[in-house]
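**Q** Following this line is protein33.pdb, made up of PDB, C-alpha atoms:
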MODEL        1
ATOM      1  CA  MET A  20      49.240 -18.241  31.077  1.00  0.00           C
ATOM      2  CA  LYS A  21      47.051 -21.268  31.808  1.00  0.00           C
ATOM      3  CA  LYS A  22      43.987 -19.181  31.050  1.00  0.00           C
ATOM      4  CA  LEU A  23      45.537 -18.072  27.768  1.00  0.00           C
ATOM      5  CA  LEU A  24      46.353 -21.654  26.780  1.00  0.00           C
ATOM      6  CA  LEU A  25      42.846 -22.753  27.732  1.00  0.00           C
ATOM      7  CA  PHE A  26      41.371 -19.948  25.641  1.00  0.00           C
ATOM      8  CA  MET A  27      43.540 -20.897  22.666  1.00  0.00           C
ATOM      9  CA  LEU A  28      42.558 -24.561  23.027  1.00  0.00           C
ATOM     10  CA  ILE A  29      38.874 -23.662  23.073  1.00  0.00           C
ATOM     11  CA  ALA A  30      39.314 -21.346  20.088  1.00  0.00           C
ATOM     12  CA  VAL A  31      41.131 -24.025  18.085  1.00  0.00           C
ATOM     13  CA  SER A  32      38.472 -26.599  19.004  1.00  0.00           C
ATOM     14  CA  VAL A  33      35.671 -24.286  17.893  1.00  0.00           C
ATOM     15  CA  ALA A  34      37.504 -23.537  14.657  1.00  0.00           C
ATOM     16  CA  ALA A  35      38.000 -27.255  14.017  1.00  0.00           C
ATOM     17  CA  VAL A  36      34.308 -27.976  14.589  1.00  0.00           C
ATOM     18  CA  ASN A  37      33.320 -25.117  12.288  1.00  0.00           C
ATOM     19  CA  ALA A  38      35.709 -26.379   9.639  1.00  0.00           C
ATOM     20  CA  GLN A  39      34.189 -29.855   9.848  1.00  0.00           C
ATOM     21  CA  GLU A  40      30.672 -28.433   9.558  1.00  0.00           C
ATOM     22  CA  THR A  41      31.721 -26.307   6.586  1.00  0.00           C
ATOM     23  CA  GLU A  42      33.240 -29.358   4.932  1.00  0.00           C
ATOM     24  CA  LYS A  43      30.022 -31.288   5.487  1.00  0.00           C
ATOM     25  CA  LYS A  44      28.020 -28.473   3.939  1.00  0.00           C
ATOM     26  CA  LYS A  45      30.287 -28.442   0.916  1.00  0.00           C
ATOM     27  CA  LYS A  46      29.725 -32.155   0.410  1.00  0.00           C
ATOM     28  CA  LYS A  47      25.960 -32.003   0.926  1.00  0.00           C
ATOM     29  CA  ASP A  48      24.037 -34.059  -1.595  1.00  0.00           C
ATOM     30  CA  TRP A  49      21.369 -31.602  -2.701  1.00  0.00           C
ATOM     31  CA  SER A  50      19.610 -34.234  -4.792  1.00  0.00           C
ATOM     32  CA  LYS A  51      18.399 -35.880  -1.553  1.00  0.00           C
ATOM     33  CA  VAL A  52      16.881 -32.746  -0.020  1.00  0.00           C
ATOM     34  CA  ASN A  53      13.261 -33.138   1.096  1.00  0.00           C
ATOM     35  CA  LEU A  54      11.084 -30.731  -0.910  1.00  0.00           C
ATOM     36  CA  GLY A  55       7.866 -31.540   0.925  1.00  0.00           C
ATOM     37  CA  ASN A  56       7.486 -27.911   2.070  1.00  0.00           C
ATOM     38  CA  ARG A  57       8.047 -26.504  -1.406  1.00  0.00           C
ATOM     39  CA  PRO A  58       4.929 -25.836  -3.522  1.00  0.00           C
ATOM     40  CA  LYS A  59       4.922 -26.916  -7.151  1.00  0.00           C
ATOM     41  CA  ASP A  60       2.595 -24.118  -8.216  1.00  0.00           C
ATOM     42  CA  HIS A  61       1.983 -20.657  -6.834  1.00  0.00           C
ATOM     43  CA  LEU A  62       0.693 -17.154  -7.489  1.00  0.00           C
ATOM     44  CA  ILE A  63       2.910 -14.148  -8.151  1.00  0.00           C
ATOM     45  CA  PHE A  64       1.499 -10.670  -7.513  1.00  0.00           C
ATOM     46  CA  GLN A  65       3.504  -7.531  -8.312  1.00  0.00           C
ATOM     47  CA  VAL A  66       2.944  -3.781  -7.950  1.00  0.00           C
ATOM     48  CA  GLY A  67       5.509  -1.245  -9.092  1.00  0.00           C
ATOM     49  CA  TYR A  68       6.367   2.245 -10.284  1.00  0.00           C
ATOM     50  CA  LEU A  69       6.235   2.613 -14.076  1.00  0.00           C
ATOM     51  CA  ASN A  70       8.573   4.829 -16.076  1.00  0.00           C
ATOM     52  CA  TRP A  71       8.795   5.406 -19.826  1.00  0.00           C
ATOM     53  CA  LEU A  72      12.451   5.443 -20.829  1.00  0.00           C
ATOM     54  CA  GLN A  73      13.525   7.360 -23.943  1.00  0.00           C
ATOM     55  CA  LYS A  74      10.253   9.284 -24.148  1.00  0.00           C
ATOM     56  CA  PRO A  75      10.437  12.675 -25.905  1.00  0.00           C
ATOM     57  CA  ASP A  76      10.193  15.876 -23.871  1.00  0.00           C
ATOM     58  CA  THR A  77       6.850  16.674 -25.494  1.00  0.00           C
ATOM     59  CA  ILE A  78       5.169  13.938 -23.444  1.00  0.00           C
ATOM     60  CA  ALA A  79       4.157  15.450 -20.105  1.00  0.00           C
ATOM     61  CA  THR A  80       3.813  12.504 -17.716  1.00  0.00           C
ATOM     62  CA  ALA A  81       2.883  13.037 -14.071  1.00  0.00           C
ATOM     63  CA  GLY A  82       1.637  11.300 -10.937  1.00  0.00           C
ATOM     64  CA  PHE A  83       2.275   7.765  -9.712  1.00  0.00           C
ATOM     65  CA  ALA A  84       2.339   5.694 -12.890  1.00  0.00           C
ATOM     66  CA  ARG A  85       2.142   2.012 -11.988  1.00  0.00           C
ATOM     67  CA  SER A  86       2.239  -1.557 -13.200  1.00  0.00           C
ATOM     68  CA  ILE A  87       0.209  -4.415 -11.725  1.00  0.00           C
ATOM     69  CA  ASN A  88       1.059  -8.017 -12.628  1.00  0.00           C
ATOM     70  CA  ALA A  89      -0.602 -11.270 -11.590  1.00  0.00           C
ATOM     71  CA  TYR A  90       0.677 -14.684 -12.708  1.00  0.00           C
ATOM     72  CA  PHE A  91       0.063 -18.347 -11.987  1.00  0.00           C
ATOM     73  CA  SER A  92       3.388 -20.168 -12.153  1.00  0.00           C
ATOM     74  CA  PHE A  93       4.731 -23.738 -12.010  1.00  0.00           C
ATOM     75  CA  ASP A  94       8.129 -24.537 -10.491  1.00  0.00           C
ATOM     76  CA  PHE A  95      10.398 -27.273 -11.886  1.00  0.00           C
ATOM     77  CA  PRO A  96      13.429 -27.916  -9.598  1.00  0.00           C
ATOM     78  CA  PHE A  97      16.589 -29.464 -11.016  1.00  0.00           C
ATOM     79  CA  LYS A  98      16.828 -33.086  -9.826  1.00  0.00           C
ATOM     80  CA  THR A  99      20.579 -32.925  -9.216  1.00  0.00           C
ATOM     81  CA  ASP A 100      20.416 -29.594  -7.356  1.00  0.00           C
ATOM     82  CA  PRO A 101      16.937 -28.313  -6.369  1.00  0.00           C
ATOM     83  CA  ARG A 102      18.373 -24.972  -5.342  1.00  0.00           C
ATOM     84  CA  PHE A 103      18.019 -24.221  -9.044  1.00  0.00           C
ATOM     85  CA  SER A 104      14.691 -24.394 -10.829  1.00  0.00           C
ATOM     86  CA  VAL A 105      12.822 -23.195 -13.894  1.00  0.00           C
ATOM     87  CA  GLY A 106       9.556 -21.310 -13.508  1.00  0.00           C
ATOM     88  CA  LEU A 107       6.892 -21.251 -16.232  1.00  0.00           C
ATOM     89  CA  GLY A 108       3.708 -19.260 -15.906  1.00  0.00           C
ATOM     90  CA  ALA A 109       0.869 -17.293 -17.442  1.00  0.00           C
ATOM     91  CA  GLY A 110      -1.039 -14.226 -16.370  1.00  0.00           C
ATOM     92  CA  VAL A 111      -1.878 -10.590 -16.957  1.00  0.00           C
ATOM     93  CA  GLY A 112       0.200  -7.408 -16.793  1.00  0.00           C
ATOM     94  CA  ALA A 113      -1.411  -3.946 -16.703  1.00  0.00           C
ATOM     95  CA  ASP A 114       0.362  -0.585 -17.084  1.00  0.00           C
ATOM     96  CA  ASN A 115      -1.213   2.750 -16.140  1.00  0.00           C
ATOM     97  CA  MET A 116       0.622   5.890 -17.262  1.00  0.00           C
ATOM     98  CA  PHE A 117      -0.680   9.268 -16.079  1.00  0.00           C
ATOM     99  CA  PHE A 118      -0.236  12.627 -17.795  1.00  0.00           C
ATOM    100  CA  ASN A 119      -0.029  16.213 -16.604  1.00  0.00           C
ATOM    101  CA  ARG A 120      -3.630  17.404 -16.386  1.00  0.00           C
ATOM    102  CA  ASN A 121      -2.539  21.052 -16.680  1.00  0.00           C
ATOM    103  CA  ALA A 122      -0.777  20.446 -19.997  1.00  0.00           C
ATOM    104  CA  GLY A 123      -3.934  19.637 -21.907  1.00  0.00           C
ATOM    105  CA  ARG A 124      -5.245  16.350 -23.216  1.00  0.00           C
ATOM    106  CA  ASN A 125      -2.011  15.484 -24.968  1.00  0.00           C
ATOM    107  CA  LEU A 126      -2.661  12.046 -26.464  1.00  0.00           C
ATOM    108  CA  ASN A 127      -4.814  10.608 -29.215  1.00  0.00           C
ATOM    109  CA  ILE A 128      -4.754   6.833 -29.656  1.00  0.00           C
ATOM    110  CA  VAL A 129      -7.577   6.645 -32.236  1.00  0.00           C
ATOM    111  CA  ASN A 130      -5.816   8.849 -34.779  1.00  0.00           C
ATOM    112  CA  SER A 131      -5.804   6.909 -38.060  1.00  0.00           C
ATOM    113  CA  ASN A 132      -2.425   8.428 -38.965  1.00  0.00           C
ATOM    114  CA  GLY A 133      -0.714   7.205 -35.807  1.00  0.00           C
ATOM    115  CA  PHE A 134      -0.486   7.579 -32.056  1.00  0.00           C
ATOM    116  CA  SER A 135       0.055  11.304 -31.496  1.00  0.00           C
ATOM    117  CA  PHE A 136       1.081  13.365 -28.493  1.00  0.00           C
ATOM    118  CA  ALA A 137       0.299  17.059 -28.698  1.00  0.00           C
ATOM    119  CA  LYS A 138       3.109  19.372 -27.639  1.00  0.00           C
ATOM    120  CA  ASN A 139       3.080  20.568 -24.053  1.00  0.00           C
ATOM    121  CA  THR A 140       2.246  24.218 -24.741  1.00  0.00           C
ATOM    122  CA  GLY A 141       1.255  25.139 -21.198  1.00  0.00           C
ATOM    123  CA  LYS A 142      -1.916  25.110 -19.152  1.00  0.00           C
ATOM    124  CA  ASP A 143      -5.149  24.331 -20.999  1.00  0.00           C
ATOM    125  CA  THR A 144      -7.524  27.175 -20.115  1.00  0.00           C
ATOM    126  CA  ALA A 145     -10.473  25.920 -22.177  1.00  0.00           C
ATOM    127  CA  ASN A 146     -10.798  22.541 -20.447  1.00  0.00           C
ATOM    128  CA  LYS A 147     -10.322  21.440 -16.860  1.00  0.00           C
ATOM    129  CA  TYR A 148      -9.186  17.868 -16.242  1.00  0.00           C
ATOM    130  CA  LYS A 149      -9.268  15.702 -13.151  1.00  0.00           C
ATOM    131  CA  SER A 150      -6.967  13.028 -14.581  1.00  0.00           C
ATOM    132  CA  ILE A 151      -5.591  11.743 -17.885  1.00  0.00           C
ATOM    133  CA  LYS A 152      -4.178   8.243 -18.272  1.00  0.00           C
ATOM    134  CA  LEU A 153      -3.281   5.542 -20.758  1.00  0.00           C
ATOM    135  CA  ALA A 154      -3.966   1.946 -19.681  1.00  0.00           C
ATOM    136  CA  THR A 155      -2.477  -1.026 -21.531  1.00  0.00           C
ATOM    137  CA  VAL A 156      -3.169  -4.658 -20.639  1.00  0.00           C
ATOM    138  CA  TYR A 157      -1.109  -7.657 -21.786  1.00  0.00           C
ATOM    139  CA  LEU A 158      -1.607 -11.408 -21.632  1.00  0.00           C
ATOM    140  CA  GLU A 159       1.850 -12.653 -20.620  1.00  0.00           C
ATOM    141  CA  ALA A 160       3.920 -15.809 -20.187  1.00  0.00           C
ATOM    142  CA  PRO A 161       6.919 -15.388 -17.832  1.00  0.00           C
ATOM    143  CA  VAL A 162       9.894 -17.778 -17.836  1.00  0.00           C
ATOM    144  CA  GLU A 163      12.482 -17.668 -15.025  1.00  0.00           C
ATOM    145  CA  LEU A 164      15.700 -19.342 -13.940  1.00  0.00           C
ATOM    146  CA  ARG A 165      15.517 -19.388 -10.140  1.00  0.00           C
ATOM    147  CA  PHE A 166      17.955 -19.968  -7.287  1.00  0.00           C
ATOM    148  CA  MET A 167      16.928 -20.616  -3.675  1.00  0.00           C
ATOM    149  CA  VAL A 168      19.520 -20.747  -0.888  1.00  0.00           C
ATOM    150  CA  ASP A 169      17.477 -23.212   1.200  1.00  0.00           C
ATOM    151  CA  PRO A 170      15.133 -25.175  -1.098  1.00  0.00           C
ATOM    152  CA  ALA A 171      13.718 -27.225   1.784  1.00  0.00           C
ATOM    153  CA  ASN A 172      12.397 -24.101   3.564  1.00  0.00           C
ATOM    154  CA  PRO A 173      11.151 -21.679   0.899  1.00  0.00           C
ATOM    155  CA  ASN A 174       9.383 -19.429   3.424  1.00  0.00           C
ATOM    156  CA  LYS A 175      12.688 -18.738   5.216  1.00  0.00           C
ATOM    157  CA  SER A 176      15.090 -18.561   2.307  1.00  0.00           C
ATOM    158  CA  LEU A 177      16.749 -15.988   0.100  1.00  0.00           C
ATOM    159  CA  LYS A 178      15.586 -16.255  -3.506  1.00  0.00           C
ATOM    160  CA  PHE A 179      16.846 -14.934  -6.822  1.00  0.00           C
ATOM    161  CA  ALA A 180      15.359 -15.108 -10.318  1.00  0.00           C
ATOM    162  CA  LEU A 181      16.273 -13.910 -13.801  1.00  0.00           C
ATOM    163  CA  GLY A 182      13.964 -14.306 -16.738  1.00  0.00           C
ATOM    164  CA  MET A 183      11.986 -13.112 -19.697  1.00  0.00           C
ATOM    165  CA  LYS A 184       8.324 -12.662 -20.379  1.00  0.00           C
ATOM    166  CA  VAL A 185       6.471 -12.644 -23.655  1.00  0.00           C
ATOM    167  CA  GLY A 186       3.198 -10.778 -23.875  1.00  0.00           C
ATOM    168  CA  THR A 187       0.479  -9.909 -26.345  1.00  0.00           C
ATOM    169  CA  LEU A 188      -1.516  -6.688 -26.101  1.00  0.00           C
ATOM    170  CA  ILE A 189      -5.207  -7.264 -25.398  1.00  0.00           C
ATOM    171  CA  SER A 190      -6.353  -3.668 -24.801  1.00  0.00           C
ATOM    172  CA  ALA A 191      -5.227  -0.036 -24.871  1.00  0.00           C
ATOM    173  CA  THR A 192      -7.474   2.623 -23.343  1.00  0.00           C
ATOM    174  CA  ASP A 193      -7.166   6.397 -23.159  1.00  0.00           C
ATOM    175  CA  LYS A 194      -9.207   7.590 -20.155  1.00  0.00           C
ATOM    176  CA  THR A 195      -9.759  11.300 -19.487  1.00  0.00           C
ATOM    177  CA  ARG A 196     -11.810  12.566 -16.554  1.00  0.00           C
ATOM    178  CA  PHE A 197     -13.124  16.087 -17.145  1.00  0.00           C
ATOM    179  CA  THR A 198     -14.027  18.538 -14.412  1.00  0.00           C
ATOM    180  CA  GLN A 199     -15.389  20.845 -17.116  1.00  0.00           C
ATOM    181  CA  ASP A 200     -14.860  21.044 -20.873  1.00  0.00           C
ATOM    182  CA  ALA A 201     -14.868  23.999 -23.271  1.00  0.00           C
ATOM    183  CA  ALA A 202     -18.585  23.490 -24.010  1.00  0.00           C
ATOM    184  CA  GLY A 203     -19.503  23.777 -20.335  1.00  0.00           C
ATOM    185  CA  ASN A 204     -20.158  20.065 -19.738  1.00  0.00           C
ATOM    186  CA  THR A 205     -19.073  19.005 -16.260  1.00  0.00           C
ATOM    187  CA  ALA A 206     -17.930  15.899 -14.396  1.00  0.00           C
ATOM    188  CA  TYR A 207     -17.729  13.195 -17.048  1.00  0.00           C
ATOM    189  CA  THR A 208     -15.253  10.605 -18.314  1.00  0.00           C
ATOM    190  CA  LEU A 209     -14.152  10.107 -21.917  1.00  0.00           C
ATOM    191  CA  LYS A 210     -12.788   6.677 -22.894  1.00  0.00           C
ATOM    192  CA  GLU A 211     -11.185   5.670 -26.178  1.00  0.00           C
ATOM    193  CA  LYS A 212     -10.056   2.116 -26.924  1.00  0.00           C
ATOM    194  CA  ASP A 213      -7.742   1.409 -29.844  1.00  0.00           C
ATOM    195  CA  ARG A 214      -4.579  -0.706 -30.054  1.00  0.00           C
ATOM    196  CA  LYS A 215      -3.742  -0.466 -33.744  1.00  0.00           C
ATOM    197  CA  ASN A 216      -0.803   1.894 -33.165  1.00  0.00           C
ATOM    198  CA  PHE A 217       0.821  -0.254 -30.458  1.00  0.00           C
ATOM    199  CA  ASN A 218       3.103  -3.235 -30.911  1.00  0.00           C
ATOM    200  CA  ASN A 219       1.063  -6.341 -30.171  1.00  0.00           C
ATOM    201  CA  LEU A 220       4.175  -8.180 -28.970  1.00  0.00           C
ATOM    202  CA  ARG A 221       5.945  -7.292 -25.731  1.00  0.00           C
ATOM    203  CA  LEU A 222       9.324  -8.776 -24.808  1.00  0.00           C
ATOM    204  CA  ALA A 223      10.636  -7.884 -21.359  1.00  0.00           C
ATOM    205  CA  ALA A 224      13.646  -8.854 -19.247  1.00  0.00           C
ATOM    206  CA  THR A 225      12.827  -9.528 -15.589  1.00  0.00           C
ATOM    207  CA  ALA A 226      14.677  -9.916 -12.289  1.00  0.00           C
ATOM    208  CA  ARG A 227      13.569 -10.715  -8.728  1.00  0.00           C
ATOM    209  CA  ILE A 228      15.224 -10.947  -5.321  1.00  0.00           C
ATOM    210  CA  GLY A 229      13.460 -11.701  -2.081  1.00  0.00           C
ATOM    211  CA  PHE A 230      13.225 -13.466   1.241  1.00  0.00           C
ATOM    212  CA  GLY A 231      10.340 -15.785   2.041  1.00  0.00           C
ATOM    213  CA  ASN A 232       7.148 -14.596   0.374  1.00  0.00           C
ATOM    214  CA  PHE A 233       8.244 -10.987  -0.170  1.00  0.00           C
ATOM    215  CA  GLY A 234      10.689  -9.389  -2.563  1.00  0.00           C
ATOM    216  CA  ILE A 235      11.454  -6.701  -5.101  1.00  0.00           C
ATOM    217  CA  PHE A 236      11.347  -6.973  -8.877  1.00  0.00           C
ATOM    218  CA  GLY A 237      12.324  -5.106 -11.996  1.00  0.00           C
ATOM    219  CA  GLN A 238      11.208  -5.429 -15.603  1.00  0.00           C
ATOM    220  CA  TYR A 239      12.379  -3.674 -18.766  1.00  0.00           C
ATOM    221  CA  GLN A 240      10.681  -3.870 -22.154  1.00  0.00           C
ATOM    222  CA  LEU A 241      13.202  -4.805 -24.842  1.00  0.00           C
ATOM    223  CA  ASN A 242      11.143  -3.792 -27.870  1.00  0.00           C
ATOM    224  CA  ASP A 243       9.370  -0.539 -28.674  1.00  0.00           C
ATOM    225  CA  MET A 244       5.948   0.021 -27.154  1.00  0.00           C
ATOM    226  CA  ILE A 245       4.573   1.886 -30.209  1.00  0.00           C
ATOM    227  CA  LYS A 246       4.804   0.651 -33.788  1.00  0.00           C
ATOM    228  CA  GLU A 247       7.460   2.195 -35.991  1.00  0.00           C
ATOM    229  CA  GLY A 248       6.057   5.141 -37.922  1.00  0.00           C
ATOM    230  CA  GLN A 249       2.933   5.274 -35.740  1.00  0.00           C
ATOM    231  CA  GLY A 250       4.263   7.585 -33.031  1.00  0.00           C
ATOM    232  CA  PRO A 251       7.283   8.077 -30.729  1.00  0.00           C
ATOM    233  CA  ASN A 252       8.479   4.497 -31.218  1.00  0.00           C
ATOM    234  CA  MET A 253      11.558   4.638 -28.953  1.00  0.00           C
ATOM    235  CA  ILE A 254       9.541   4.414 -25.715  1.00  0.00           C
ATOM    236  CA  ARG A 255      10.645   1.476 -23.511  1.00  0.00           C
ATOM    237  CA  PRO A 256       8.574   0.954 -20.323  1.00  0.00           C
ATOM    238  CA  MET A 257      10.449  -0.033 -17.158  1.00  0.00           C
ATOM    239  CA  THR A 258       8.978  -0.964 -13.767  1.00  0.00           C
ATOM    240  CA  VAL A 259      10.493  -1.460 -10.302  1.00  0.00           C
ATOM    241  CA  GLY A 260       8.362  -2.612  -7.386  1.00  0.00           C
ATOM    242  CA  ILE A 261       7.431  -5.216  -4.791  1.00  0.00           C
ATOM    243  CA  THR A 262       6.516  -8.876  -5.206  1.00  0.00           C
ATOM    244  CA  LEU A 263       4.288 -11.165  -3.155  1.00  0.00           C
ATOM    245  CA  THR A 264       4.698 -14.824  -4.064  1.00  0.00           C
ATOM    246  CA  GLY A 265       4.361 -18.323  -2.673  1.00  0.00           C
ATOM    247  CA  LEU A 266       7.784 -19.236  -4.048  1.00  0.00           C
TER     248      LEU A 266
ENDMDL
END
Would it be possible to restate this file's structure as structure tokens?
**A**
Amino acid sequence: MKKLLLFMLIAVSVAAVNAQETEKKKKKDWSKVNLGNRPKDHLIFQVGYLNWLQKPDTIATAGFARSINAYFSFDFPFKTDPRFSVGLGAGVGADNMFFNRNAGRNLNIVNSNGFSFAKNTGKDTANKYKSIKLATVYLEAPVELRFMVDPANPNKSLKFALGMKVGTLISATDKTRFTQDAAGNTAYTLKEKDRKNFNNLRLAATARIGFGNFGIFGQYQLNDMIKEGQGPNMIRPMTVGITLTGL
């Protein structure tokens, strides 16, 4: 019985101490937190898997399509609660979509009548391709609302961010690597650059979650990738991947 009472006394004492510590945490004045270990500017590097949502069945995509983003960003913590902050940045985002090399060279971005995809009619026997891809590059400005569980120790804290990014298209390139074409020419690369059929403006919703310098991210384009009337204009690129950042 004495042992039981002693155990209960210890348990109650521990609970009381924990309750006091919890109460102290609730009353913590976040405005006085030392942010000496928190950088004001940082780099954000992202690599992810790219998918075209709402694309028609006639577009034969294949392989590991990917997005690569690199931004320089400034962090502006709230004075009253530095767990919250606003991030403003600028950088470059590049998307690389690959197509089924056995379905034929099924895109034409220099067509004056619009951006066309040929129907996937089966294996192209006249030409042999090594790879077919479309590369688009955007100059972008991301804006984020961020939350950090422990703002005084950013390298050991959970982090969350929701935001938007606005981008302008700076290049669109169709790159086809031939093993052999119908004329017998071998081992060469054909490049075509033309962005007239693409929307110059890109609006995308973004989200990040991470711990320390590593995390995962997602981005979804809110407007159509291709101009209305210039091709399959319902395509909305979406990317999910990993993030490396100083904040």
**Q** Residues picked by the PyMOL selection byres ((chain A and resi 155-168) around 8) here, as JSON, numbers by chain?
**A** {"A": [102, 103, 104, 105, 106, 107, 108, 109, 110, 111, 112, 113, 114, 115, 153, 154, 169, 170, 173, 176, 177, 178, 179, 180, 181, 182, 183, 184, 185, 186, 187, 188, 189, 190, 191, 192]}
**Q** I need the residue nearest Phe236 in chain A from this list: A:Ala202, A:Phe217, A:Arg120, A:Thr262. Use all atoms listed in the file for the distance.
**A** A:Thr262
**Q** Restricting the calculation to only C-alpha atoms: of A:Phe233, A:Phe117, A:Tyr148, A:Phe97, which residue gets closest to Lys51 in chain A?
**A**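 Smallest distance to Lys51 in chain A is found for A:Phe97.
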**Q** Residues within 7 Å of Asn218 in chain A, please, as an MDAnalysis selection string. Count only C-alpha atoms; anything in the same chain fewer than 5 positions from it doesn't count.
**A** chainID A and resid 244:246
**Q** To one decimal place, how far is CA of Gly234 in chain A from CA of Phe83 in chain A in Å?
**A**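 CA of Phe83 in chain A lies at a distance of 20.4 Å from CA of Gly234 in chain A.
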**Q** How many Å lie between CA of Leu62 in chain A and CA of Gln238 in chain A, rounded to one decimal?
**A** 17.7 Å
**Q** Tell me which residues the PyMOL selection byres ((chain A and resi 58) around 10) grabs here, as a short mmCIF file (atom, residue, chain, number, x, y, z; two decimals) with C-alpha atoms, in the frame of the given file.
**A**
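Wrote it out as expr.cif, contents follow:
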data_model
loop_
_atom_site.label_atom_id
_atom_site.label_comp_id
_atom_site.auth_asym_id
_atom_site.auth_seq_id
_atom_site.Cartn_x
_atom_site.Cartn_y
_atom_site.Cartn_z
CA LEU A 54 11.08 -30.73 -0.91
CA GLY A 55 7.87 -31.54 0.92
CA ASN A 56 7.49 -27.91 2.07
CA ARG A 57 8.05 -26.50 -1.41
CA LYS A 59 4.92 -26.92 -7.15
CA ASP A 60 2.60 -24.12 -8.22
CA HIS A 61 1.98 -20.66 -6.83
CA PHE A 93 4.73 -23.74 -12.01
CA ASP A 94 8.13 -24.54 -10.49
CA PRO A 173 11.15 -21.68 0.90
CA GLY A 265 4.36 -18.32 -2.67
CA LEU A 266 7.78 -19.24 -4.05
#
**Q** Between CA of Arg196 in chain A and CA of Asn146 in chain A, what distance in Å does the model show, to one decimal?
**A**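 Computed distance, CA of Arg196 in chain A to CA of Asn146 in chain A, equals 10.8 Å.
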**Q** Taking all atoms listed in the file into account, which of A:Lys175, A:Arg85, A:Lys149, A:Arg214 comes nearest Gly231 in chain A?
**A**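 Ranking A:Lys175, A:Arg85, A:Lys149, A:Arg214 by distance to Gly231 in chain A, first place goes to A:Lys175.
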**Q** Which residues come within 8 Å of range 254-258 of chain A, counting only C-alpha atoms, excluding same-chain residues fewer than 6 positions away, as a compact mmCIF listing (two decimals) with C-alpha atoms, in the frame of the given file?
**A**
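New file out_11.txt:
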# COMPACT_ATOMS: atom_id res chain seq x y z
CA GLY A 67 5.51 -1.25 -9.09
CA TYR A 68 6.37 2.24 -10.28
CA LEU A 69 6.24 2.61 -14.08
CA ASN A 70 8.57 4.83 -16.08
CA TRP A 71 8.80 5.41 -19.83
CA LEU A 72 12.45 5.44 -20.83
CA GLN A 73 13.52 7.36 -23.94
CA LYS A 74 10.25 9.28 -24.15
CA ARG A 85 2.14 2.01 -11.99
CA SER A 86 2.24 -1.56 -13.20
CA GLY A 237 12.32 -5.11 -12.00
CA GLN A 238 11.21 -5.43 -15.60
CA TYR A 239 12.38 -3.67 -18.77
CA GLN A 240 10.68 -3.87 -22.15
CA LEU A 241 13.20 -4.80 -24.84
CA ASN A 242 11.14 -3.79 -27.87
CA ASP A 243 9.37 -0.54 -28.67
CA MET A 244 5.95 0.02 -27.15
CA ILE A 245 4.57 1.89 -30.21
**Q** With only C-alpha atoms as the atoms that count, which of A:Ala145, A:Arg227, A:Glu247, A:Ile235 lies nearest to Lys215 in chain A?
**A**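 Using only C-alpha atoms, the shortest distance to Lys215 in chain A belongs to A:Glu247.
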**Q** Can you pull out the residues contacting Leu209 in chain A? Cut-off 10 Å, using only C-alpha atoms, and skip same-chain residues under 5 positions away; I want them as a list in words.
**A**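 Within the cut-off, the hits are Ile151, Asp193, Lys194, Thr195, Arg196 and Phe197 of chain A.
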**Q** Could you tell me which of A:Phe230, A:Tyr207, A:Phe118, A:Phe91 comes closest to Thr77 in chain A if we count all atoms listed in the file?
**A**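 Comparing A:Phe230, A:Tyr207, A:Phe118, A:Phe91 against Thr77 in chain A, the winner is A:Phe118.
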**Q** Residues picked by the PyMOL selection byres ((chain A and resi 63) around 6) here, as number ranges by chain?
**A** A: 62, 64, 89-90, 263-264
**Q** Reconstruct range 68-77 of chain A at the level of N, CA and C atoms, and format the result as a tab-separated table (two decimals), keeping the file's coordinate frame.
**A**
chain	number	residue	atom	x	y	z
A	68	TYR	N	6.36	0.92	-9.67
A	68	TYR	CA	6.37	2.24	-10.28
A	68	TYR	C	6.80	2.12	-11.74
A	69	LEU	N	6.00	2.69	-12.63
A	69	LEU	CA	6.24	2.61	-14.08
A	69	LEU	C	6.90	3.88	-14.59
A	70	ASN	N	7.91	3.70	-15.44
A	70	ASN	CA	8.57	4.83	-16.08
A	70	ASN	C	8.75	4.53	-17.56
A	71	TRP	N	8.56	5.55	-18.39
A	71	TRP	CA	8.80	5.41	-19.83
A	71	TRP	C	10.18	5.92	-20.15
A	72	LEU	N	11.11	5.03	-20.45
A	72	LEU	CA	12.45	5.44	-20.83
A	72	LEU	C	12.46	5.89	-22.29
A	73	GLN	N	13.32	6.85	-22.59
A	73	GLN	CA	13.52	7.36	-23.94
A	73	GLN	C	12.30	8.07	-24.51
A	74	LYS	N	11.41	8.53	-23.64
A	74	LYS	CA	10.25	9.28	-24.15
A	74	LYS	C	10.69	10.70	-24.51
A	75	PRO	N	10.09	11.30	-25.54
A	75	PRO	CA	10.44	12.68	-25.90
A	75	PRO	C	9.94	13.67	-24.86
A	76	ASP	N	10.55	14.85	-24.85
A	76	ASP	CA	10.19	15.88	-23.87
A	76	ASP	C	8.77	16.40	-24.06
A	77	THR	N	8.20	16.18	-25.23
A	77	THR	CA	6.85	16.67	-25.49
A	77	THR	C	5.78	15.89	-24.74
